[in-house]
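One structure is given here, and the rest of the page talks about it.
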Amino acid sequence: MEITIDEIKVMAEDEELEAKKAAGSDGTGALPEEFFKTYSAMANTNGGVVLLGVEEKPKGVFTPSGMGNPEKVKQQLWDLLNNRQKVSVNILCNKHVETFIVEGKKGIKVQIPRAKRNQRPVYIGPNPLTGTYRRLNEGDYHCPEDVVRRMIADQVEESRDAQILEGYSI
């Protein structure tokens, strides 16, 4: 997938777009630890896109930083998404993860859909009460306990409001 520098320049972080350098200590690329907070947050709100290999520097300006080995980062992403010790559920499939090139620099675009009601909360670690996030503006914030409990209650097979009750009228 080819993205132009002009497309990158007009992007800015918001509730549905996040940029992460993802260079790793050796510059070949590594999945940033904070990726999973964003994954949880976007999955629990309206979904969004994470661009790995793109830096927001200065604030409000995206610059491609690239990574030497995006395939290694993709493998790390899939390994951790399918590790229940790391994250509660993998809601991504192959079409959601694409390698892109901007000015000869490689990166990865991760399209995170909104999780279905029966998949939420999407959380990191073993405890939904401490590992659930929501996306507000351009930040990932811990969900309060009552919000998490509401998500858990909403996981039931059928929505409580979708049932027709016999013997009642409008």
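In the structure tokens, each chain is lettered A, B, ... as it comes, each chain's residues begin at 1, and ligands are numbered from 1 in order of appearance.
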
Given only C-alpha atoms, how would the per-residue table for segment 50-124 of chain A near segment 15-26 of chain A read, listing every residue at most 12 Å away with its closest atom pair and distance in Å to one decimal, sorted by chain and number, as a tab-separated table?
```
residue	atom	partner	partner_atom	distance
A:Val50	CA	A:Glu18	CA	4.7
A:Leu51	CA	A:Ala19	CA	4.8
A:Leu52	CA	A:Lys20	CA	4.9
A:Gly53	CA	A:Lys21	CA	4.6
A:Val54	CA	A:Lys21	CA	5.0
A:Glu55	CA	A:Lys21	CA	4.9
A:Glu56	CA	A:Ala19	CA	6.4
A:Lys57	CA	A:Lys21	CA	10.0
A:Lys59	CA	A:Ala19	CA	11.0
A:Gly60	CA	A:Ala19	CA	10.5
A:Val61	CA	A:Ala19	CA	10.2
A:Phe62	CA	A:Ala19	CA	7.6
A:Thr63	CA	A:Lys21	CA	9.3
A:Pro64	CA	A:Lys21	CA	8.2
A:Ser65	CA	A:Lys21	CA	6.4
A:Gly66	CA	A:Ala23	CA	7.1
A:Met67	CA	A:Ala23	CA	5.5
A:Gly68	CA	A:Ala23	CA	8.1
A:Asn69	CA	A:Ala23	CA	9.4
A:Pro70	CA	A:Ala22	CA	9.6
A:Lys72	CA	A:Gly24	CA	11.1
A:Val73	CA	A:Ala22	CA	8.5
A:Lys74	CA	A:Ala22	CA	11.3
A:Gln76	CA	A:Ala22	CA	11.8
A:Leu77	CA	A:Ala22	CA	11.6
A:Lys105	CA	A:Ala23	CA	11.5
A:Lys106	CA	A:Ala23	CA	10.7
A:Gly107	CA	A:Ala22	CA	8.7
A:Ile108	CA	A:Ala22	CA	9.4
A:Lys109	CA	A:Ala19	CA	9.5
A:Val110	CA	A:Glu18	CA	9.8
A:Gln111	CA	A:Leu17	CA	9.4
A:Ile112	CA	A:Glu16	CA	9.2
A:Pro113	CA	A:Glu16	CA	10.2
A:Arg114	CA	A:Glu16	CA	10.6
```

Could the residues in this selection be saved with C-alpha atoms as a PDB file, in the first residue's frame?
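Final file, again.pdb:
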```pdb
ATOM      1  CA  VAL A  50      -3.011   3.106  14.320  1.00  0.00           C
ATOM      2  CA  LEU A  51      -0.081   3.973  12.071  1.00  0.00           C
ATOM      3  CA  LEU A  52       3.102   2.225  13.204  1.00  0.00           C
ATOM      4  CA  GLY A  53       6.290   3.764  11.824  1.00  0.00           C
ATOM      5  CA  VAL A  54       4.861   7.291  11.862  1.00  0.00           C
ATOM      6  CA  GLU A  55       5.855   9.897  14.414  1.00  0.00           C
ATOM      7  CA  GLU A  56       3.843  12.906  15.556  1.00  0.00           C
ATOM      8  CA  LYS A  57       6.636  15.422  15.910  1.00  0.00           C
ATOM      9  CA  LYS A  59       2.578  17.901  17.873  1.00  0.00           C
ATOM     10  CA  GLY A  60       0.045  17.935  15.071  1.00  0.00           C
ATOM     11  CA  VAL A  61       2.571  17.002  12.357  1.00  0.00           C
ATOM     12  CA  PHE A  62       2.985  13.415  11.181  1.00  0.00           C
ATOM     13  CA  THR A  63       6.398  12.357   9.882  1.00  0.00           C
ATOM     14  CA  PRO A  64       7.210   8.895   8.531  1.00  0.00           C
ATOM     15  CA  SER A  65       9.944   7.355  10.694  1.00  0.00           C
ATOM     16  CA  GLY A  66       9.749   3.888   9.161  1.00  0.00           C
ATOM     17  CA  MET A  67      10.940   0.545  10.425  1.00  0.00           C
ATOM     18  CA  GLY A  68      13.506  -1.827   8.998  1.00  0.00           C
ATOM     19  CA  ASN A  69      11.530  -5.034   9.442  1.00  0.00           C
ATOM     20  CA  PRO A  70       7.733  -4.576   9.391  1.00  0.00           C
ATOM     21  CA  LYS A  72       8.826  -8.889  12.417  1.00  0.00           C
ATOM     22  CA  VAL A  73       6.488  -6.283  13.947  1.00  0.00           C
ATOM     23  CA  LYS A  74       3.440  -7.868  12.279  1.00  0.00           C
ATOM     24  CA  GLN A  76       4.830  -9.730  17.150  1.00  0.00           C
ATOM     25  CA  LEU A  77       1.391  -8.087  16.785  1.00  0.00           C
ATOM     26  CA  LYS A 105       9.987   4.253   4.656  1.00  0.00           C
ATOM     27  CA  LYS A 106       7.938   1.210   5.648  1.00  0.00           C
ATOM     28  CA  GLY A 107       5.195   1.226   8.224  1.00  0.00           C
ATOM     29  CA  ILE A 108       2.113  -0.707   9.276  1.00  0.00           C
ATOM     30  CA  LYS A 109      -1.500   0.470   9.236  1.00  0.00           C
ATOM     31  CA  VAL A 110      -3.704  -1.289  11.792  1.00  0.00           C
ATOM     32  CA  GLN A 111      -7.441  -0.737  11.310  1.00  0.00           C
ATOM     33  CA  ILE A 112      -9.137  -1.514  14.639  1.00  0.00           C
ATOM     34  CA  PRO A 113     -12.895  -2.074  14.344  1.00  0.00           C
ATOM     35  CA  ARG A 114     -15.316  -1.389  17.156  1.00  0.00           C
TER      36      ARG A 114
END
```

**Message:** Can you tell me which residues surround segment 43-45 of chain A at a distance of at most 8 Å, considering only C-alpha atoms, apart from same-chain residues fewer than 2 positions away, and format the answer as a ChimeraX atom specification?
**Reply:** /A:39-41,47-48,112-115,120-122,133-135

**Message:** My list of candidates is A:Leu136, A:Ala12, A:Ile101, A:Leu31. Which is closest to Trp78 of chain A when distances are computed with only C-alpha atoms?
**Reply:** A:Leu31

**Request:** Could you jot down the atom CA of Met151 of chain A to atom CA of Leu129 of chain A separation for me, Å, one decimal place?
**Result:** 10.7 Å

**Message:** I'd like the interatomic distance between atom CA of Gly139 of chain A and atom CA of Val156 of chain A, to a tenth of an Å.
**Reply:** 28.9 Å

**Prompt:** Which residues in segment 74-138 of chain A does DSSP call alpha helix (DSSP H)? List them as a VMD selection string.
**Reply:** chain A and resid 74 to 81 128 to 131

For those residues, write N, CA, C and O atoms to a file as a PDB file, in the first residue's frame.
```
ATOM      1  N   LYS A  74       4.734  -7.218  12.526  1.00  0.00           N
ATOM      2  CA  LYS A  74       3.440  -7.868  12.279  1.00  0.00           C
ATOM      3  C   LYS A  74       3.348  -9.192  13.037  1.00  0.00           C
ATOM      4  O   LYS A  74       2.321  -9.491  13.645  1.00  0.00           O
ATOM      5  N   GLN A  75       4.406  -9.977  12.994  1.00  0.00           N
ATOM      6  CA  GLN A  75       4.398 -11.265  13.695  1.00  0.00           C
ATOM      7  C   GLN A  75       4.236 -11.057  15.200  1.00  0.00           C
ATOM      8  O   GLN A  75       3.483 -11.763  15.861  1.00  0.00           O
ATOM      9  N   GLN A  76       4.948 -10.063  15.724  1.00  0.00           N
ATOM     10  CA  GLN A  76       4.830  -9.730  17.150  1.00  0.00           C
ATOM     11  C   GLN A  76       3.393  -9.320  17.479  1.00  0.00           C
ATOM     12  O   GLN A  76       2.830  -9.738  18.491  1.00  0.00           O
ATOM     13  N   LEU A  77       2.782  -8.522  16.599  1.00  0.00           N
ATOM     14  CA  LEU A  77       1.391  -8.087  16.785  1.00  0.00           C
ATOM     15  C   LEU A  77       0.452  -9.283  16.846  1.00  0.00           C
ATOM     16  O   LEU A  77      -0.335  -9.417  17.793  1.00  0.00           O
ATOM     17  N   TRP A  78       0.548 -10.196  15.867  1.00  0.00           N
ATOM     18  CA  TRP A  78      -0.343 -11.361  15.843  1.00  0.00           C
ATOM     19  C   TRP A  78      -0.100 -12.278  17.038  1.00  0.00           C
ATOM     20  O   TRP A  78      -1.056 -12.801  17.619  1.00  0.00           O
ATOM     21  N   ASP A  79       1.170 -12.469  17.414  1.00  0.00           N
ATOM     22  CA  ASP A  79       1.471 -13.321  18.572  1.00  0.00           C
ATOM     23  C   ASP A  79       0.827 -12.775  19.839  1.00  0.00           C
ATOM     24  O   ASP A  79       0.220 -13.518  20.614  1.00  0.00           O
ATOM     25  N   LEU A  80       0.947 -11.470  20.053  1.00  0.00           N
ATOM     26  CA  LEU A  80       0.407 -10.875  21.281  1.00  0.00           C
ATOM     27  C   LEU A  80      -1.120 -10.749  21.249  1.00  0.00           C
ATOM     28  O   LEU A  80      -1.775 -10.907  22.275  1.00  0.00           O
ATOM     29  N   LEU A  81      -1.689 -10.477  20.072  1.00  0.00           N
ATOM     30  CA  LEU A  81      -3.154 -10.407  19.977  1.00  0.00           C
ATOM     31  C   LEU A  81      -3.810 -11.746  20.290  1.00  0.00           C
ATOM     32  O   LEU A  81      -4.957 -11.796  20.729  1.00  0.00           O
ATOM     33  N   PRO A 128     -10.444  -7.261  33.702  1.00  0.00           N
ATOM     34  CA  PRO A 128     -11.147  -6.219  32.948  1.00  0.00           C
ATOM     35  C   PRO A 128     -11.326  -4.921  33.733  1.00  0.00           C
ATOM     36  O   PRO A 128     -11.380  -3.847  33.145  1.00  0.00           O
ATOM     37  N   LEU A 129     -11.400  -5.004  35.044  1.00  0.00           N
ATOM     38  CA  LEU A 129     -11.614  -3.797  35.845  1.00  0.00           C
ATOM     39  C   LEU A 129     -10.392  -2.880  35.856  1.00  0.00           C
ATOM     40  O   LEU A 129     -10.523  -1.677  36.068  1.00  0.00           O
ATOM     41  N   THR A 130      -9.198  -3.431  35.615  1.00  0.00           N
ATOM     42  CA  THR A 130      -7.987  -2.605  35.619  1.00  0.00           C
ATOM     43  C   THR A 130      -7.362  -2.455  34.233  1.00  0.00           C
ATOM     44  O   THR A 130      -6.491  -1.613  34.052  1.00  0.00           O
ATOM     45  N   GLY A 131      -7.820  -3.238  33.258  1.00  0.00           N
ATOM     46  CA  GLY A 131      -7.181  -3.208  31.943  1.00  0.00           C
ATOM     47  C   GLY A 131      -8.053  -2.736  30.804  1.00  0.00           C
ATOM     48  O   GLY A 131      -7.711  -2.920  29.633  1.00  0.00           O
TER      49      GLY A 131
END
```

**Residues flagged strand (DSSP E or B) by DSSP in chain A, as a PyMOL selection string** = chain A and resi 2+14+17-20+48-52+54-56+62-64+87+97-102+105-112+123-124+132-136+139-142

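Here atom CA of Val147 of chain A stands at a distance of 16.4 Å from atom CA of Lys37 of chain A.
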